[in-house]
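The structure under discussion appears below in the form of structure tokens.
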Amino acid sequence: MKRMKIKTIKSKTFEEGFKDFIFNSKARGLREGTINHYKQSYIQIIKYINKDIEIANIDETVFDTFIVNMRENKDMGSQTLFTYARDLKAIINFYISQEYCNPFIMKLPRMDRKPIATYTDDELKKLLKKPKINKCSFVEYRNYVIVAMFLSTGIRLSSLINIRIKDINFDDEVVNIIHTKNRKSLIIPLNKQIKSILKEYLKYRQHSDIEEKLFCNCYGKDLNKSSIIQAISSYNRSRGVETTSIHKLRHTFAKKWVTGGNSVAVLQKILGHSSLQITQNYLNVLISDIKMEVNNYNILQEFNSNFIKLR
């Protein structure tokens, strides 16, 4: 009788394991943008980790060495380093879940948190000045409505692109957001101003089907991310506003919401954050900018002349 032997399985390489990671990401239904992000990160990661290393040999030392080597790149900011380290951690955690390697603790590098930039009130006045209907193009008018929509709802660009006309509910004063980052639908309230703006916009939008996208180009065709980014960039510059960041519109909404004394818990729902902690972390970065404004408005200093000095 032939003796039984334990069959050894050759450990997968980092490259082979990453292919499994991408396949699993697709199977889990991650968005194409997220998967492409991981693919781009992988290109950078293998500059510091040998793609042929056996996953079984990956441990805490390998992870920490990756971070140390990346730090030596003087052109790499802390945000970029954090992003690549976070992505590597996600990949390795998948390897661990598949038992390609033994589990170990991975500590992400600290990230220098810079204040999140927001639009000034002067810039907002320029951006939200309604163009004259009889003198402007459809594109300029549409861009004005898009900016107003961003500033009224704090919506993400990917969500805004996918809003259909049927998603606007004027009776309940809400917009149904179907396309979200975490794939969970949102219902965002519409204030009276944006409701009025959207009603007027739809008169000029000339749609024939409520299934059509809310925002389109001058030919009625769908817009994509790059076309909106370019359109808002041109719109801002035409209004004398040099900053053209769409993320800045979302940040401005959040800041105005907080400084207006509104609920952080409600803000979490509107922004589509999965937890209140994420919203709190988001606000912690905004807070330094808010503190500057508080320092600029000091009621004690304003009325200092009325104080009676006690001796």
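Just remember, in the structure tokens the first chain shown is A, the second B, etc., residues are 1-based per chain, and ligands are 1-based in the order shown.
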Write out as a list in words each polymer residue whose atoms come within 10 Å of A:Lys129, counting only C-alpha atoms; drop sequence neighbours fewer than 6 positions from it.
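The filter keeps Tyr144, Ala148 and Arg239 of chain A.
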Write the selection just made, keeping C-alpha atoms, as a JSON list (two decimals), in the first residue's frame?
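Generated output (again_35.json):
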[["chain", "number", "residue", "atom", "x", "y", "z"],
["A", 144, "TYR", "CA", -25.33, 78.10, -11.66],
["A", 148, "ALA", "CA", -26.58, 75.97, -5.94],
["A", 239, "ARG", "CA", -17.27, 84.75, -11.97]]
Fewer than 5 positions away in the same chain doesn't count, so skip those; otherwise give me all residues within 8 Å of stretch 174-176 of chain A, counting only C-alpha atoms, as a ChimeraX atom specification.
/A:163,167-169,185-190
Residues at most 7 Å from A:Asn162, counting only C-alpha atoms, excluding those fewer than 2 positions away in the same chain, as a PDB file with all heavy atoms, in the first residue's frame?
ATOM      1  N   SER A 158     -20.474  62.237  -7.732  1.00  0.00           N
ATOM      2  CA  SER A 158     -20.966  61.007  -8.366  1.00  0.00           C
ATOM      3  C   SER A 158     -22.472  60.837  -8.167  1.00  0.00           C
ATOM      4  O   SER A 158     -23.164  60.290  -9.027  1.00  0.00           O
ATOM      5  CB  SER A 158     -20.228  59.789  -7.798  1.00  0.00           C
ATOM      6  OG  SER A 158     -20.371  59.721  -6.390  1.00  0.00           O
ATOM      7  N   SER A 159     -22.969  61.314  -7.032  1.00  0.00           N
ATOM      8  CA  SER A 159     -24.417  61.225  -6.770  1.00  0.00           C
ATOM      9  C   SER A 159     -25.174  62.237  -7.613  1.00  0.00           C
ATOM     10  O   SER A 159     -26.229  61.928  -8.182  1.00  0.00           O
ATOM     11  CB  SER A 159     -24.701  61.463  -5.285  1.00  0.00           C
ATOM     12  OG  SER A 159     -24.122  60.463  -4.480  1.00  0.00           O
ATOM     13  N   LEU A 160     -24.639  63.446  -7.710  1.00  0.00           N
ATOM     14  CA  LEU A 160     -25.308  64.502  -8.482  1.00  0.00           C
ATOM     15  C   LEU A 160     -25.453  64.112  -9.946  1.00  0.00           C
ATOM     16  O   LEU A 160     -26.492  64.339 -10.556  1.00  0.00           O
ATOM     17  CB  LEU A 160     -24.536  65.808  -8.353  1.00  0.00           C
ATOM     18  CG  LEU A 160     -25.124  66.986  -9.127  1.00  0.00           C
ATOM     19  CD1 LEU A 160     -25.250  68.224  -8.246  1.00  0.00           C
ATOM     20  CD2 LEU A 160     -24.291  67.327 -10.352  1.00  0.00           C
ATOM     21  N   ARG A 164     -31.879  61.581 -11.434  1.00  0.00           N
ATOM     22  CA  ARG A 164     -32.833  61.642 -12.541  1.00  0.00           C
ATOM     23  C   ARG A 164     -33.958  62.612 -12.166  1.00  0.00           C
ATOM     24  O   ARG A 164     -34.200  62.875 -10.988  1.00  0.00           O
ATOM     25  CB  ARG A 164     -33.391  60.253 -12.847  1.00  0.00           C
ATOM     26  CG  ARG A 164     -32.316  59.265 -13.311  1.00  0.00           C
ATOM     27  CD  ARG A 164     -32.888  57.925 -13.705  1.00  0.00           C
ATOM     28  NE  ARG A 164     -31.809  56.992 -14.063  1.00  0.00           N
ATOM     29  CZ  ARG A 164     -31.241  56.937 -15.252  1.00  0.00           C
ATOM     30  NH1 ARG A 164     -31.674  57.738 -16.228  1.00  0.00           N
ATOM     31  NH2 ARG A 164     -30.268  56.079 -15.502  1.00  0.00           N
ATOM     32  N   HIS A 179     -27.669  56.721  -6.262  1.00  0.00           N
ATOM     33  CA  HIS A 179     -26.257  56.381  -6.475  1.00  0.00           C
ATOM     34  C   HIS A 179     -25.417  57.017  -5.369  1.00  0.00           C
ATOM     35  O   HIS A 179     -25.210  58.227  -5.350  1.00  0.00           O
ATOM     36  CB  HIS A 179     -25.800  56.893  -7.843  1.00  0.00           C
ATOM     37  CG  HIS A 179     -24.441  56.410  -8.250  1.00  0.00           C
ATOM     38  ND1 HIS A 179     -23.281  56.937  -7.717  1.00  0.00           N
ATOM     39  CD2 HIS A 179     -24.050  55.450  -9.128  1.00  0.00           C
ATOM     40  CE1 HIS A 179     -22.235  56.338  -8.254  1.00  0.00           C
ATOM     41  NE2 HIS A 179     -22.684  55.431  -9.104  1.00  0.00           N
ATOM     42  N   LYS A 213     -31.597  62.225 -16.973  1.00  0.00           N
ATOM     43  CA  LYS A 213     -30.776  62.790 -15.906  1.00  0.00           C
ATOM     44  C   LYS A 213     -31.167  64.250 -15.686  1.00  0.00           C
ATOM     45  O   LYS A 213     -31.509  64.965 -16.626  1.00  0.00           O
ATOM     46  CB  LYS A 213     -29.290  62.699 -16.265  1.00  0.00           C
ATOM     47  CG  LYS A 213     -28.772  61.270 -16.421  1.00  0.00           C
ATOM     48  CD  LYS A 213     -28.696  60.564 -15.076  1.00  0.00           C
ATOM     49  CE  LYS A 213     -28.194  59.126 -15.225  1.00  0.00           C
ATOM     50  NZ  LYS A 213     -26.826  59.054 -15.749  1.00  0.00           N
TER      51      LYS A 213
END
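The environment of stretch 75-79 of chain A within 12 Å, counting only C-alpha atoms and disregarding residues fewer than 4 places along the same chain, consists of Gln44, Ile67, Asn69, Met70, Arg71, Thr83, Tyr84, Ala85, Arg86, Leu108, Pro109, Arg110, Met111, Asp112, Arg113 and Lys114 of chain A.
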Can you tell me which residues surround stretch 150-157 of chain A at a distance of at most 6 Å, considering only C-alpha atoms, apart from same-chain residues fewer than 4 positions away, and format the answer as a list in words?
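The filter keeps Leu249, Arg250 and Phe253 of chain A.
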For A:Ile96, which residue among A:Leu124, A:Cys136, A:Val264, A:Ile55 is the nearest when counting only C-alpha atoms?
A:Ile55
Atom CA of A:Leu271 and atom CA of A:Asn36 are how many Å apart?
23.3 Å
In Å to one decimal, how far is atom CA of A:Ser137 from atom CA of A:His207?
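These atoms are spaced 17.2 Å apart.
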What gap, in Å, lies between atom CA of A:Asp172 and atom CA of A:Ser263?
20.7 Å
Residue among A:Asn57, A:Thr252, A:Ser208, A:Ser227 lying closest to A:Ile92, counting only C-alpha atoms
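So, comparing all the options, the nearest one is A:Asn57.
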